[in-house]
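Reviewing the structure listed below.
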Amino acid sequence: MAEAIKYGMIKDKSLFEKIAERNLDTIEEIMDELVYSCIDIKRQVVEADEFESGERMTLNFGHTLGHAVEGFYNYSTYTHGSGVAVGMCYITDKFCDKDVYNKLADCVKAYRLPIDVPAKMSELLPFCAKDKKRDSDSISYIVCREIGKAEICRATVDEFFGIMGE
Ligand SMILES: [Zn+2]
């Protein structure tokens, strides 16, 4: 469900809204449609990126910090989806309007996924630097300032750490 929420956030506001108006107990009714929509968005993004334009990187929304959460907790405490949920919430909290953050956080909670973890940001960030999406001393991360629209951002590791803070 974290990945499904991600697809709505990066590319399809109406998909996000469909997910947001349901919860873990009622989503089953539209699961086939949901899976189809997610795969279709992935297909569109990958096709658009045939020439490595970079759009494919938007699929990484929530994953830079998500991988850090998984890594910090030794890949045992949090599932990949939980890590992605936390990662989407942390990035959105830092870079977007409260309104966007609140919609995302409410949706994440409706699927009993975490919006944060006890670890401090300063403990998680070193694990971002190990992320495979990072090259040299820069780090790429995805921000959805509006639901359904993803932006690829790039910063030095120091800048990124400075923005994310403690
Ligand atoms: Zn993933």
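As shown in the structure tokens, the chain order sets the letters A, B, ...; within each chain, residues go from 1, and ligands are also counted from 1 in the order they appear.
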*Can you list, as a list in words, every protein, DNA or RNA residue that comes within 7 Å of segment 24-27 of chain A when you count only C-alpha atoms, leaving out same-chain residues fewer than 4 positions away?*
Met31, Ala110 and Tyr111 of chain A
*Using only C-alpha atoms and all ligand atoms, find each protein or nucleic acid residue lying at most 8 Å from ligand 1; present the set as a list in words.*
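Every residue with an atom at most 8 Å from ligand 1 is listed here: Glu3, Leu59, Asn60, His63, His80, Gly81 and Val84 of chain A.
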*Selection near Lys18 of chain A, 12 Å with only C-alpha atoms, sequence-local residues under 2 positions removed, as a list in words*: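 Those residues are Ala4, Ile5, Tyr7, Gly8, Met9, Asp12, Lys13, Ser14, Leu15, Phe16, Ala20, Glu21, Arg22, Asn23, Thr26, Ile27, Glu29, Ile30, Met31, Glu33, Leu34, Ser37 and Cys107 of chain A.
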Give me the residues of segment 38-136 of chain A that have any atom at most 8 Å from an atom of segment 146-151 of chain A; for each, the nearest atom pair and the distance in Å, rounded to one decimal. Use only C-alpha atoms, sort by chain and number, and format it as a Markdown table.
| residue | atom | partner | partner_atom | distance |
| --- | --- | --- | --- | --- |
| A:Thr58 | CA | A:Ala150 | CA | 6.2 |
| A:Cys96 | CA | A:Glu146 | CA | 8.0 |
| A:Val100 | CA | A:Glu146 | CA | 6.8 |
Create the file for the chosen residues now, containing C-alpha atoms and written as a CSV table (one decimal), in the first residue's frame.
chain,number,residue,atom,x,y,z
A,58,THR,CA,10.5,9.7,-9.6
A,96,CYS,CA,5.9,20.9,1.1
A,100,VAL,CA,0.0,18.2,1.3
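What separates atom CA of Ile10 of chain A from atom CA of Cys153 of chain A is a distance of 13.4 Å.
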